[in-house]
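Enquirer: Data file target-v6.txt (compact mmCIF, C-alpha atoms) is appended below.
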# COMPACT_ATOMS: atom_id res chain seq x y z
CA MET Q 220 22.34 9.51 -5.40
CA MET Q 221 20.20 12.43 -6.55
CA SER Q 222 17.31 11.66 -8.88
CA GLN Q 223 17.19 13.05 -12.41
CA TRP Q 224 14.54 13.61 -15.03
CA THR Q 225 15.05 11.38 -18.04
CA GLY Q 226 13.78 13.98 -20.49
CA ARG Q 227 10.77 11.86 -21.42
CA ASN Q 228 7.52 13.23 -19.98
CA GLY Q 229 7.72 12.96 -16.18
CA ASP Q 230 9.90 9.85 -16.16
CA VAL Q 231 12.61 9.95 -13.51
CA ARG Q 232 15.77 8.06 -12.60
CA ALA Q 233 15.33 7.59 -8.86
CA HIS Q 234 17.24 5.72 -6.18
CA ILE Q 235 15.18 2.74 -5.02
CA ASN Q 236 16.22 1.56 -1.56
CA TYR Q 237 16.36 -2.15 -2.25
CA PHE Q 238 17.46 -4.36 0.61
CA PRO Q 239 20.58 -6.50 0.08
CA SER Q 240 19.78 -9.84 -1.51
CA ASN Q 241 22.68 -11.69 0.13
CA ILE Q 242 21.60 -11.57 3.78
CA GLY Q 243 19.18 -14.47 3.77
CA LYS Q 244 15.46 -14.93 3.30
CA GLU Q 245 14.68 -13.37 6.70
CA ILE Q 246 16.03 -10.05 7.97
CA ASP Q 247 16.17 -9.43 11.70
CA ALA Q 248 14.55 -6.22 12.95
CA THR Q 249 17.96 -4.85 13.99
CA ALA Q 250 19.75 -5.75 10.76
CA CYS Q 251 19.95 -3.31 7.86
CA PRO Q 252 17.71 -0.55 9.29
CA PRO Q 253 15.38 0.93 6.66
CA PRO Q 254 15.73 4.61 5.72
CA ALA Q 255 14.26 6.80 8.45
CA THR Q 256 13.21 9.75 6.30
CA ALA Q 257 12.45 10.62 2.71
CA GLY Q 258 15.67 11.17 0.76
CA SER Q 259 17.75 8.76 2.87
CA VAL Q 260 19.46 5.99 0.93
CA LEU Q 261 20.55 2.39 1.42
CA ALA Q 262 23.88 1.41 -0.12
CA SER Q 263 22.23 -1.77 -1.40
CA GLY Q 264 19.79 0.29 -3.48
CA ARG Q 265 20.17 1.24 -7.12
CA LYS Q 266 18.98 3.79 -9.64
CA MET Q 267 15.86 2.72 -11.51
CA THR Q 268 13.65 4.29 -14.15
CA VAL Q 269 10.26 5.24 -12.71
CA THR Q 270 7.82 5.81 -15.56
CA ASP Q 271 5.21 8.55 -15.32
CA ILE Q 272 1.88 7.09 -16.41
CA ALA Q 273 -0.19 10.25 -15.94
CA GLY Q 274 -2.94 10.12 -18.55
CA ARG Q 275 -2.47 6.37 -19.03
CA GLU Q 276 -3.59 5.20 -15.60
CA ASP Q 277 -6.09 2.66 -16.98
CA MET Q 278 -3.27 0.45 -18.33
CA PHE Q 279 -3.04 -1.54 -15.10
CA GLU Q 280 -5.22 -4.10 -13.31
CA LEU Q 281 -5.12 -5.07 -9.65
CA ASP Q 282 -5.05 -8.86 -10.14
CA ARG Q 283 -2.54 -8.69 -12.99
CA ASN Q 284 -0.13 -5.92 -12.00
CA GLY Q 285 -0.72 -5.73 -8.24
CA PHE Q 286 -2.06 -2.18 -8.44
CA GLN Q 287 -4.68 -0.06 -10.18
CA PHE Q 288 -5.19 3.70 -10.47
CA ILE Q 289 -8.67 5.01 -9.70
CA LYS Q 290 -10.34 8.31 -10.60
CA LEU Q 291 -12.65 9.46 -7.80
CA PRO Q 292 -15.63 11.81 -8.06
CA SER Q 293 -14.57 15.40 -7.48
CA LYS Q 294 -15.75 16.48 -4.03
CA ASP Q 295 -14.43 17.70 -0.70
CA ARG Q 296 -13.61 14.86 1.70
CA ASP Q 297 -13.34 15.70 5.39
CA MET Q 298 -10.24 14.01 6.88
CA SER Q 299 -10.18 15.99 10.13
CA THR Q 300 -11.06 13.20 12.58
CA ASP Q 301 -10.89 9.41 12.74
CA ALA Q 302 -14.63 9.21 13.32
CA ILE Q 303 -15.41 11.12 10.12
CA ILE Q 304 -12.91 9.09 8.11
CA GLU Q 305 -14.32 5.79 9.40
CA GLN Q 306 -17.92 6.83 8.81
CA ASP Q 307 -17.68 8.53 5.42
CA PHE Q 308 -14.39 7.75 3.67
CA TYR Q 309 -14.38 4.05 4.55
CA ALA Q 310 -17.89 3.67 3.15
CA GLU Q 311 -16.85 5.25 -0.16
CA ILE Q 312 -13.75 3.07 -0.48
CA GLU Q 313 -15.51 -0.15 0.50
CA ALA Q 314 -18.03 0.43 -2.29
CA ILE Q 315 -15.22 1.10 -4.78
CA ILE Q 316 -13.35 -2.07 -3.79
CA GLN Q 317 -16.49 -4.17 -4.11
CA ALA Q 318 -17.28 -2.67 -7.52
CA ARG Q 319 -13.72 -3.14 -8.82
CA THR Q 320 -13.02 -6.61 -7.43
CA ASP Q 321 -16.48 -8.18 -6.94
CA ALA Q 322 -15.52 -8.95 -3.32
CA SER Q 323 -18.46 -10.18 -1.25
CA PHE Q 324 -17.41 -8.56 2.05
CA VAL Q 325 -14.99 -5.70 2.76
CA PHE Q 326 -13.81 -5.04 6.32
CA PRO Q 327 -11.81 -1.85 7.05
CA ILE Q 328 -8.66 -2.55 9.08
CA GLY Q 329 -7.38 0.98 9.68
CA HIS Q 330 -5.69 3.98 8.13
CA VAL Q 331 -2.52 6.06 8.30
CA LEU Q 332 -2.47 9.82 7.77
CA ARG Q 333 0.79 11.43 6.75
CA ARG Q 334 1.26 15.18 7.03
CA ALA Q 335 4.19 17.41 7.88
CA THR Q 336 2.54 18.63 11.08
CA ASN Q 337 -0.25 17.31 13.26
CA GLU Q 338 -1.51 20.79 14.18
CA ILE Q 339 -4.12 20.53 11.43
CA PHE Q 340 -5.77 17.55 13.11
CA LEU Q 341 -8.66 18.48 15.35
CA GLU Q 342 -7.80 15.59 17.66
CA ARG Q 343 -4.24 16.88 18.19
CA LYS Q 344 -2.89 13.35 18.44
CA ASP Q 345 0.89 13.01 18.56
CA SER Q 346 1.39 9.64 16.96
CA GLU Q 347 3.42 8.06 14.18
CA ARG Q 348 0.15 7.11 12.57
CA TYR Q 349 -0.61 10.76 11.93
CA ASN Q 350 2.78 12.35 11.49
CA ARG Q 351 5.43 10.26 9.77
CA PHE Q 352 7.23 10.13 6.47
CA GLY Q 353 6.08 7.64 3.88
CA ALA Q 354 8.28 4.53 3.76
CA SER Q 355 11.06 5.16 1.25
CA PHE Q 356 11.97 1.53 0.54
CA PRO Q 357 10.14 -1.04 -1.63
CA HIS Q 358 7.97 -3.20 0.56
CA CYS Q 359 4.69 -4.97 1.04
CA ASP Q 360 2.93 -4.73 4.39
CA CYS Q 361 2.13 -8.47 4.46
CA PRO Q 362 4.42 -11.53 4.79
CA VAL Q 363 4.23 -12.40 1.08
CA ALA Q 364 7.84 -13.63 1.19
CA TYR Q 365 6.39 -16.72 2.92
CA PRO Q 366 2.98 -17.59 1.43
CA GLU Q 367 2.58 -20.36 3.99
CA ARG Q 368 2.38 -17.67 6.71
CA LEU Q 369 -0.48 -15.76 5.11
CA GLU Q 370 -3.15 -17.79 6.91
CA GLU Q 371 -1.55 -16.93 10.26
CA PHE Q 372 -1.41 -13.30 9.19
CA LYS Q 373 -5.10 -13.32 8.23
CA ASN Q 374 -6.06 -14.81 11.59
CA LEU Q 375 -4.06 -12.10 13.35
CA VAL Q 376 -5.87 -9.42 11.35
CA MET Q 377 -9.24 -11.00 12.13
CA ARG Q 378 -8.51 -10.69 15.86
CA SER Q 379 -7.61 -7.01 15.61
CA PRO Q 380 -9.92 -4.46 17.30
CA ALA Q 381 -10.70 -2.85 13.94
CA ILE Q 382 -12.33 -6.10 12.81
CA THR Q 383 -13.85 -7.33 16.05
CA LYS Q 384 -15.69 -4.06 16.74
CA ASN Q 385 -17.59 -4.41 13.47
CA ARG Q 386 -20.86 -6.25 13.12
CA ASN Q 387 -22.59 -7.65 10.06
CA ALA Q 388 -25.40 -10.06 9.24
CA LEU Q 389 -22.80 -12.81 9.35
CA ASP Q 390 -19.97 -13.05 11.86
CA VAL Q 391 -16.52 -12.52 10.33
CA GLN Q 392 -15.48 -16.02 11.41
CA GLU Q 393 -18.42 -17.48 9.50
CA ILE Q 394 -17.63 -15.32 6.48
CA ASN Q 395 -14.07 -16.61 6.60
CA ARG Q 396 -15.30 -20.20 6.85
CA ILE Q 397 -17.54 -20.02 3.77
CA SER Q 398 -15.26 -17.84 1.64
CA SER Q 399 -13.36 -19.20 -1.35
CA ARG Q 400 -10.79 -16.40 -1.36
CA TRP Q 401 -9.50 -13.56 0.82
CA ALA Q 402 -7.11 -10.66 0.29
CA ILE Q 403 -5.74 -7.51 1.87
CA ILE Q 404 -6.34 -4.55 -0.44
CA GLN Q 405 -4.83 -1.17 0.35
CA ILE Q 406 -5.48 2.32 -0.94
CA TRP Q 407 -3.27 5.39 -1.13
CA LYS Q 408 -4.71 8.81 -1.84
CA PRO Q 409 -3.18 12.29 -1.69
CA LEU Q 410 -4.90 14.93 0.41
CA ARG Q 411 -3.58 17.72 -1.81
CA LEU Q 412 -1.58 18.09 -5.02
CA VAL Q 413 1.54 15.90 -4.81
CA GLN Q 414 4.69 17.87 -5.58
CA ARG Q 415 7.29 15.73 -3.80
CA ASP Q 416 7.87 12.18 -2.54
CA PRO Q 417 5.11 10.52 -4.61
CA LEU Q 418 4.19 6.88 -4.18
CA ALA Q 419 5.69 4.57 -6.80
CA VAL Q 420 4.40 1.05 -7.45
CA CYS Q 421 6.18 -1.90 -9.07
CA ASP Q 422 4.55 -4.04 -11.75
CA ALA Q 423 4.09 -7.52 -10.27
CA LEU Q 424 4.77 -8.94 -13.74
CA SER Q 425 8.36 -7.68 -13.48
CA TYR Q 426 9.53 -9.20 -10.19
CA ASP Q 427 9.82 -12.78 -8.98
CA PHE Q 428 8.73 -14.37 -5.73
CA GLU Q 429 12.43 -14.93 -4.97
CA ASP Q 430 12.98 -11.15 -4.87
CA TRP Q 431 11.05 -10.84 -1.59
CA ARG Q 432 12.62 -11.02 1.87
CA LEU Q 433 10.79 -11.12 5.20
CA ARG Q 434 11.67 -8.45 7.74
CA ILE Q 435 11.09 -9.80 11.24
CA VAL Q 436 9.39 -7.49 13.73
CA PRO Q 437 8.36 -8.19 17.35
CA ALA Q 438 5.47 -10.60 17.99
CA PRO Q 439 2.58 -10.88 17.54
CA SER Q 440 3.27 -9.43 14.08
CA THR Q 441 4.19 -11.92 11.36
CA GLY Q 442 6.56 -9.37 9.80
CA TYR Q 443 6.43 -7.58 6.49
CA SER Q 444 8.15 -8.08 3.14
CA VAL Q 445 10.90 -6.02 1.53
CA LEU Q 446 12.07 -6.19 -2.06
CA THR Q 447 15.53 -6.97 -3.40
CA HIS Q 448 16.77 -6.67 -6.98
CA PRO Q 449 18.88 -9.26 -8.81
CA GLU Q 450 22.42 -8.29 -9.78
CA GLY Q 451 22.90 -7.02 -13.29
CA GLN Q 452 20.43 -5.55 -15.73
CA GLU Q 453 17.51 -3.43 -14.57
CA LYS Q 454 14.55 -5.77 -14.25
CA HIS Q 455 11.74 -4.29 -12.17
CA ARG Q 456 9.29 -1.85 -13.79
CA TRP Q 457 8.33 1.07 -11.57
CA TYR Q 458 5.51 3.56 -12.17
CA TYR Q 459 4.04 6.68 -10.64
CA ALA Q 460 1.54 9.33 -11.71
CA SER Q 461 2.91 12.86 -11.66
CA ALA Q 462 1.01 15.66 -9.94
CA MET Q 463 -1.61 13.40 -8.39
CA THR Q 464 -4.61 15.23 -6.96
CA PRO Q 465 -7.04 14.35 -4.13
CA ASP Q 466 -9.44 12.98 -6.75
CA GLN Q 467 -6.98 10.22 -7.68
CA MET Q 468 -6.20 7.05 -5.75
CA ILE Q 469 -4.11 3.90 -6.06
CA LEU Q 470 -5.47 0.48 -5.15
CA PHE Q 471 -2.71 -2.03 -4.47
CA LYS Q 472 -2.54 -5.57 -3.20
CA GLY Q 473 -1.27 -6.39 0.28
CA CYS Q 474 -1.62 -10.13 -0.17
CA ASP Q 475 -3.99 -12.62 -1.74
CA SER Q 476 -4.91 -16.21 -0.98
CA ARG Q 477 -5.04 -16.77 -4.75
CA GLN Q 478 -1.47 -17.72 -5.55
CA ASP Q 479 -2.21 -18.43 -9.22
CA ILE Q 480 -2.42 -14.75 -10.21
CA THR Q 481 0.51 -12.41 -10.80
CA GLY Q 482 -0.97 -9.48 -8.89
CA ARG Q 483 -0.96 -11.17 -5.49
CA SER Q 484 1.34 -8.57 -3.90
CA GLY Q 485 1.92 -4.86 -4.35
CA ALA Q 486 5.47 -3.54 -3.93
CA HIS Q 487 5.46 0.20 -3.27
CA THR Q 488 7.76 2.99 -2.05
CA ALA Q 489 8.00 6.73 -1.83
CA ILE Q 490 10.52 8.18 -4.28
CA THR Q 491 12.40 11.47 -4.37
CA LEU Q 492 11.76 13.74 -7.35
CA PRO Q 493 14.52 16.00 -8.74
CA ASN Q 494 14.73 19.50 -7.24
CA SER Q 495 11.76 18.90 -4.94
CA GLU Q 496 13.35 19.77 -1.59
CA GLY Q 497 11.59 23.12 -1.28
CA LYS Q 498 8.19 21.88 -2.42
CA PRO Q 499 5.28 21.44 0.04
CA PRO Q 500 5.44 18.12 1.92
CA ARG Q 501 3.31 15.27 0.70
CA GLU Q 502 0.00 14.80 2.51
CA SER Q 503 -1.78 11.49 2.06
CA ILE Q 504 -3.98 8.79 3.54
CA GLU Q 505 -3.40 5.06 3.28
CA ALA Q 506 -6.02 2.54 4.38
CA ARG Q 507 -6.22 -1.25 4.46
CA PHE Q 508 -9.17 -3.57 3.97
CA LEU Q 509 -9.72 -7.30 4.54
CA CYS Q 510 -11.77 -8.68 1.66
CA PHE Q 511 -13.59 -11.99 1.24
CA TRP Q 512 -15.13 -13.64 -1.82
CA VAL Q 513 -18.04 -16.03 -1.23
CA GLU Q 514 -19.33 -18.20 -4.06
CA GLY Q 515 -23.03 -18.08 -4.82
CA GLY Q 516 -23.45 -14.33 -4.92
CA LEU Q 517 -23.69 -13.67 -1.17
CA LYS Q 518 -22.95 -9.98 -0.60
CA GLY Q 519 -22.49 -8.01 2.59
CA GLN Q 520 -23.58 -4.49 3.30
CA ARG Q 521 -21.17 -1.99 4.76
CA LEU Q 522 -20.14 -2.93 8.29
CA GLY Q 523 -21.45 -0.66 11.02
CA HIS Q 524 -19.26 0.67 13.85
CA GLU Q 525 -20.39 0.34 17.43
Could you take the file, read its structure, and then write that structure out as C-alpha cells?

Expert:
Amino acid sequence: MMSQWTGRNGDVRAHINYFPSNIGKEIDATACPPPATAGSVLASGRKMTVTDIAGREDMFELDRNGFQFIKLPSKDRDMSTDAIIEQDFYAEIEAIIQARTDASFVFPIGHVLRRATNEIFLERKDSERYNRFGASFPHCDCPVAYPERLEEFKNLVMRSPAITKNRNALDVQEINRISSRWAIIQIWKPLRLVQRDPLAVCDALSYDFEDWRLRIVPAPSTGYSVLTHPEGQEKHRWYYASAMTPDQMILFKGCDSRQDITGRSGAHTAITLPNSEGKPPRESIEARFLCFWVEGGLKGQRLGHE
C-alpha cells in the first residue's frame, strides 16, 4: 500500500481511499468508516497516479476543473486567533474570490486549522477544528451526489451562526432571492512548507456524477459526498503541487447551483508521499465561503462582524 515516486518530476503512485461502489447511492454513517488518520487505507481504494503540477499551476480553472491554484502576495499572515483570521484573512480571501469568479457577494462560513499540536494556538482550544488530520479519502463537503438536495443544504448554511451574525447593505435572504447563481467555494492553504500529506485534487473533467455517493451523517446535516472509482482502467486524474508554501493556495468548488458546468464539485483528499513519515506534520487552513451572483452588476462590500 506504500506510495512510490514514478520517476517523473514529483509524480507519485499513491493509494486513494475510494469508497466501495457496490454499497448503494447512500452510505450510512456507521457503514464503511473512513480512515481515521493519514496513512490509513480502505480496502476498496486503489493506487492512482497523482501528477505534480508545480510550475504549471495556471493550467486549471475553477468552473472547468473544479479547482484552481492561486499565488498569493508574499507576506506574514497571523493565524494565531480566530478573531485575527476572521478580520484579516477572510477579507483577503473574499477579495480574491470576487476577483477570480466575479461573485457579487461572498459570505465566510468558517475555517478549520490543522496542526500537529494545539499548543501554538493562543486560545488553547482543544477541538477537532484545530487539531485533526486532514481527511485522507476523496470527498466533497457538500451533498453533490444528490443535486436536488443542494437547495436544502444552502438554506441550512444560511441559517448557520457564521452567516446570521454578518450584516450587509442587503440581508442575506434578499441577496439569495435576487441572485441568479450561488456556490460554496473553499480554500486550502499551507501554513508552512508542505513536506508530507499534501492535498490532492481531482479534475472534474475526469469523473462522472455517478461516481459520487452520499455519506449520511446525523441531522440537521444533509451529509457529504464521497468518491468511488469504476472497475477497470484508471480513469480519474489527480493532481497536487509539490512543496507548497504559505504563499500558495488552492480554490476548489464545494457545490454550485450551475449544473451545466463541469467544475461544479471539487473532489479532494490528503495523500501520503513516499518516505515522508519522519517529515514535519502538515499545517494548513481550510475555509469555506457562500457566494452569490446577482445580475445587473450589484456588488457587496466585505461583510462586517458584530

Enquirer: Quick one, how far is CA of Phe279 (chain Q) from CA of Asp422 (chain Q)?

Expert: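 Between these atoms lies a distance of 8.7 Å.
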
Enquirer: Identify, on the basis of all atoms listed in the file, every residue whose closest approach to Leu291 (chain Q) does not exceed 10 Å; exclude the query and any residue fewer than 3 positions from it along the same chain; express the result as a list in words.

Expert: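 After dropping sequence-adjacent residues, the list is Phe288, Lys294, Glu311, Ile312, Ile315, Lys408, Thr464, Pro465, Asp466, Gln467 and Met468 of chain Q.
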
Enquirer: Neighbouring residues of Leu509 (chain Q) were defined as those with any atom within 12 Å, considering all atoms listed in the file; residues of the same chain fewer than 5 positions away were excluded. Please report them as a VMD selection string.

Expert: chain Q and resid 313 316 to 317 322 to 329 361 372 to 379 381 to 382 391 394 to 395 400 to 406 472 to 476 522

Enquirer: In Å, how far is it from CA of Glu393 (chain Q) to CA of Glu514 (chain Q)?

Expert: 13.6 Å

Enquirer: Please, what distance in Å, to one decimal, runs between CA of Asp416 (chain Q) and CA of Met267 (chain Q)?

Expert: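 Going from CA of Asp416 (chain Q) over to CA of Met267 (chain Q), I get 15.3 Å.
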
Enquirer: Counting all atoms listed in the file, what is within 8 Å of Asn236 (chain Q), bar same-chain residues fewer than 2 positions away, as a list in words?

Expert: His234, Phe238, Pro254, Val260, Leu261, Ala262, Ser263, Gly264, Arg265, Ser355, Phe356 and Pro357 of chain Q

Enquirer: With distances taken over only C-alpha atoms, which residue among Q:Ala423, Q:Pro252, Q:Gln414, Q:Gly258 lies nearest Ser484 (chain Q)?

Expert: Q:Ala423

Enquirer: I need the residue nearest Ile235 (chain Q) from this list: Q:Ala310, Q:Leu517, Q:Ala302, Q:Ala489. Use only C-alpha atoms for the distance.

Expert: Q:Ala489

Enquirer: Find the spatial neighbours of Asp277 (chain Q), counting all atoms listed in the file, within a cut-off of 10 Å - ignore same-chain residues fewer than 6 positions away - and output them as a CSV table (one decimal) with C-alpha atoms, in the frame of the given file.

Expert:
chain,number,residue,atom,x,y,z
Q,287,GLN,CA,-4.7,-0.1,-10.2
Q,288,PHE,CA,-5.2,3.7,-10.5
Q,289,ILE,CA,-8.7,5.0,-9.7
Q,290,LYS,CA,-10.3,8.3,-10.6

Enquirer: Write out as a PyMOL selection string each polymer residue whose atoms come within 6 Å of Gln223 (chain Q), counting only C-alpha atoms; drop sequence neighbours fewer than 4 positions from it.

Expert: chain Q and resi 231-232+493

Enquirer: Out of Q:Ile504, Q:Ala438, Q:Val413, Q:Ala364, which residue has the shortest atom-to-atom distance to Tyr459 (chain Q) when counting only C-alpha atoms?

Expert: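 Residue with the minimum atom-to-atom distance to Tyr459 (chain Q): Q:Val413.
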